[in-house]
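First comes the structure, then the notes that go with it.
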Amino acid sequence: MNTAILSKLSLLSNTISKPYRSELREELNATYGSLAESVKEQVLNVYAAFLYSQELDNFNALEIVNDKNQLQEHLDYLIGFIYSTQTNSIATRKKLAKTSHKAFVQLAKGNNFNIPKQSFHETTINEYTQSCIDKYQALPISQERLDYLDGWTVTSQSRETVLVNLDVFYVRYGRDFSAKVHEILKRYALTQKTSTLRSRLPEIISMLESVAVLDKSATVGSFELLLSARNVQTTFHKVYQMQLTECIFKGNDLYNYNKTFLNSLEEYQSAFINTRAYPSPLKPFIRPDVKKVKNPPSFSSGGKASEAEKVFWFADIPLHIKDEEAIEIMEERLDRAMSFLRKSFTNHFEELKERQNRNRGFLEEGLVKPLTGNVSGRGTSAHPVGSEHLANTIATFHRYGIDGYTGRSYENFLGYNGSVDELLLELNLPTNSTLLTLTSLLVMEHPKITPSWLQKLQLFDEHGKKRCYFQSGEQYILSGEKERRGRALAQQDVILNDFSKSIVDFIIEHTQVAREHLKSIGNPNWRYLLLTCSLTKVVKPRRTSQLYKNHAFLTDFLKDKKCISTECKLSEKEIETIASIPVHRSIRRHRGLQIYLETRSQSAVAEALGHKDMRSQLLESYLPKPLMQFFTERVVRQFQKAIILKSMEDSPYLLDAVNMSYEEIEEFLKNHGIDEIPDLNVKAFDTAQSTTERSVFDSIIFTVTVPLIQLLISIRAVIEGGADKDNVTFKTELVEHWYHCAAYLLSRFEQGEFEGNDDIKDMYQEAQSNPLNLDVIKGAISC
């Protein structure tokens, strides 16, 4: 039974009656209040699977809850089902069984009788558990139902298992047809990478499910008729229209929808037509021409900047200072953050190296505790272990290795009862915490390194030959694949410096014990560079692993570096902000912004981050999107501040209104004053010089943004909307200047002067669709 797919099996939805399911959930909440909701749902799904396997439908438990013996028997069957039908470890089955048993004990108490409590072991099957297994296996078992509970999986090119949900076809068309589709997809999966399968299978299944919706007769014959050579082109056209309508209704991105649909067509062609499972269409498939809406220019630096990062970079930068000084403040903040991270991780790296060297010495001097009979003639331990006898502890662990103790608790055997984290620290085993430090330092040295690139690095090939790490001349290179660069440019080589080489060398040494364990049990993951382990197992970190996300270690670790944070002048709040962001991607964003501010070059950023090229789509040169947004908002705020300064220059409340000192006001006017605006009144238009002379308008440059256009529209609307606009009195000459600017510029929009520039046209339309509050503008500019 595959517990991961149970929630998607529709035939389980009605096995438990709604009142009974609510009652069981209440018992789980009462017994395990702090248990994750996903775990509680999994327990209920396993129970629903048990009822389904016994051909029970809409089960309400009225019979069993009023009879102690029947409830006990029902529970025993459930425990037997959990242990008999799952392929998970005994520890996992124990958790499900224990949680279920306690819930039923609570259910019995609610009906005024008691069921004896039972214990469950993580490594062995005890007497009670075995009796439950025997009882369940004596029941009539429907193999067809158990096969349904197993769900459907396929195997990728790299022999990894991927789930595929064929529930719709099983329920609608039966077991044989779903098995046919399953076989087709299994053959297709063997030709694909795991990552491709995980993204593409749901797309192709969604397309076929839409075909099933179009099949009104709901028979295998009618379904396959829709996919016949004559009909399949029309069928998929209808599927496109149906899914497009749903996409628009939900407000989803049309570009992404069209790309997904095109991918689905390609995958259907590959899986079903090229293998001759179904015929190709008489007419070619309709393939929509996909064009993306133009966005403001930006570059990718490891994901979209979070709000926390934007606050850290841009918050509280004074308006009155020059823009060059604002950039210096940003650079200083970035330098402080990166310096703090570098020093913190470097200190941890040094600690790891010192502990590794210490443990080498312990291996030579430590005594190995025997698996049994560790008693001297005086009744004491012959080879004591624990925190007071670290040499013996280290030597004992390395003698038996990972999962080398067959007893109940490895940490107890090594003298660390209830202190497994401390033991892992002293053993210096590779964990998410240690690899986080080492990989973060690598990304700092070489920001082109991404988490997905790291995750795929294979240190050895299947023959044991070094693969991703090698020497070329005098250089040491770390080589991997970055698939998004395209097949021809997928290989990305990182030339290591002395420091990054020392990191890679240490990672290899640090993971050696984990690598040797995987080799001893025949697990092919021993070839990967990054491995984490506990006392009993070794794991190759997945893309979703905590190694590449935030976890408690990072927050606690950074907060503990108080001396470094003081040296780098970081507040506790700033440290929390840094710790709250996935560190590898955050480092790449910080380095990308640092490089841009240092070089003012997009090409330099693209090269440093490992992009194959730098695309300048709309402007000859441009700022990264967060910076562009910051300066756009800054200009608007400066204009607003200037309006207030002019309109209240003789007011006693000026300082309160602008929240500045006199010195700051003076500096603001010096740096951002807008007094020297050319005269743009009507007379100036009328007396404009001939084309042989330079007009005042030739020297005017407008930085066009949506907020600016909104403001200009509002100023003109307020002034021209009055009953007697010819006699309107302006509050200041400044407002008069901006009114004439608005009248001039907006008339150019209305006459279609910018018709060829889609970006300005779009900004003008957006500004028209989102007008400002005219009452606020009127109060600011009119007498």
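Identifiers for the structure tokens are assigned positionally: chains receive A, B, ... in sequence, residues are indexed from 1 per chain, and ligands are indexed from 1 in the order shown.
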Next on the checklist: So that I can check the secondary structure, give me every residue of region 462-510 of chain A assigned strand (DSSP E or B) by backbone DSSP, as JSON, numbers by chain.
Outcome noted: {"A": [466, 469, 470, 471, 472, 475, 476, 477, 478, 479, 480, 481, 491, 492, 493, 494, 495, 496]}
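By only C-alpha atoms, and with residues fewer than 4 positions from region 346-355 of chain A along its chain excluded, the set lying at most 9 Å from it is A:Leu341, A:Arg342, A:Asn359, A:Arg360, A:Glu426, A:Leu427, A:Asn428, A:Thr434, A:Thr437, A:Leu438, A:Leu441, A:Ile503, A:Phe506, A:His510.
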For those residues, write C-alpha atoms to a file as a PDB file, in the first residue's frame.
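Contents of the output file again_18.pdb:
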```pdb
ATOM      1  CA  LEU A 341      27.718  35.410   6.843  1.00  0.00           C
ATOM      2  CA  ARG A 342      31.234  34.786   5.574  1.00  0.00           C
ATOM      3  CA  ASN A 359      38.815  12.586  15.906  1.00  0.00           C
ATOM      4  CA  ARG A 360      41.704  11.232  13.809  1.00  0.00           C
ATOM      5  CA  GLU A 426      31.121  15.034  18.444  1.00  0.00           C
ATOM      6  CA  LEU A 427      31.262  12.348  15.758  1.00  0.00           C
ATOM      7  CA  ASN A 428      31.447  15.204  13.222  1.00  0.00           C
ATOM      8  CA  THR A 434      27.451  21.074   8.395  1.00  0.00           C
ATOM      9  CA  THR A 437      27.979  25.924   6.059  1.00  0.00           C
ATOM     10  CA  LEU A 438      30.248  24.295   3.481  1.00  0.00           C
ATOM     11  CA  LEU A 441      30.842  29.246   1.509  1.00  0.00           C
ATOM     12  CA  ILE A 503      36.096  23.309   1.067  1.00  0.00           C
ATOM     13  CA  PHE A 506      36.915  18.732   3.239  1.00  0.00           C
ATOM     14  CA  HIS A 510      33.624  14.748   5.741  1.00  0.00           C
TER      15      HIS A 510
END
```
Checklist outcome for this item: CA of Tyr257 (chain A) sits from CA of Leu244 (chain A) at a separation of 7.5 Å
Item to check | Residues within 6 Å of region 84-99 of chain A, only C-alpha atoms, excluding chain neighbours under 3 positions, as a ChimeraX atom specification | outcome: /A:1,79-81,102,120,122-123
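Residue nearest Val290 (chain A), chosen from A:Lys259, A:Lys109, A:His590, A:Lys216 and counting only C-alpha atoms: A:Lys259.
Checking A:Ile115, A:Ala579, A:Cys468, A:Leu227 one by one against Pro279 (chain A), counting only C-alpha atoms, you find the shortest gap at A:Leu227.
The interatomic distance for the pair CA of Ile248 (chain A) and CA of Gln233 (chain A) works out to 22.6 Å.
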Checklist outcome for this item: Taken to one decimal, the CA of Lys180 (chain A)-CA of Pro140 (chain A) distance is 27.5 Å
Next on the checklist: Residues of region 311-483 of chain A classed as alpha helix (DSSP H) by DSSP on the backbone are to be reported as a count of residues only.
Outcome noted: 90
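Among A:Cys741, A:Cys568, A:Leu24, A:Leu535, the residue with the shortest atom-to-atom distance to Phe340 (chain A), counting only C-alpha atoms, is A:Cys568.
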Residues within 6 Å of region 15-22 of chain A, please, as an mmCIF file with C-alpha atoms, in the first residue's frame. Count only C-alpha atoms; anything in the same chain fewer than 4 positions from it doesn't count.
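Saved file result33.cif follows:
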```cif
data_model
loop_
_atom_site.group_PDB
_atom_site.id
_atom_site.type_symbol
_atom_site.label_atom_id
_atom_site.label_comp_id
_atom_site.auth_asym_id
_atom_site.auth_seq_id
_atom_site.Cartn_x
_atom_site.Cartn_y
_atom_site.Cartn_z
ATOM 1 C CA ALA A 48 -10.213 4.405 4.990
ATOM 2 C CA ASP A 57 -18.728 1.537 2.358
ATOM 3 C CA ASN A 58 -19.965 4.594 4.300
ATOM 4 C CA PHE A 59 -18.915 2.809 7.493
ATOM 5 C CA ASN A 60 -20.471 4.425 10.587
#
```
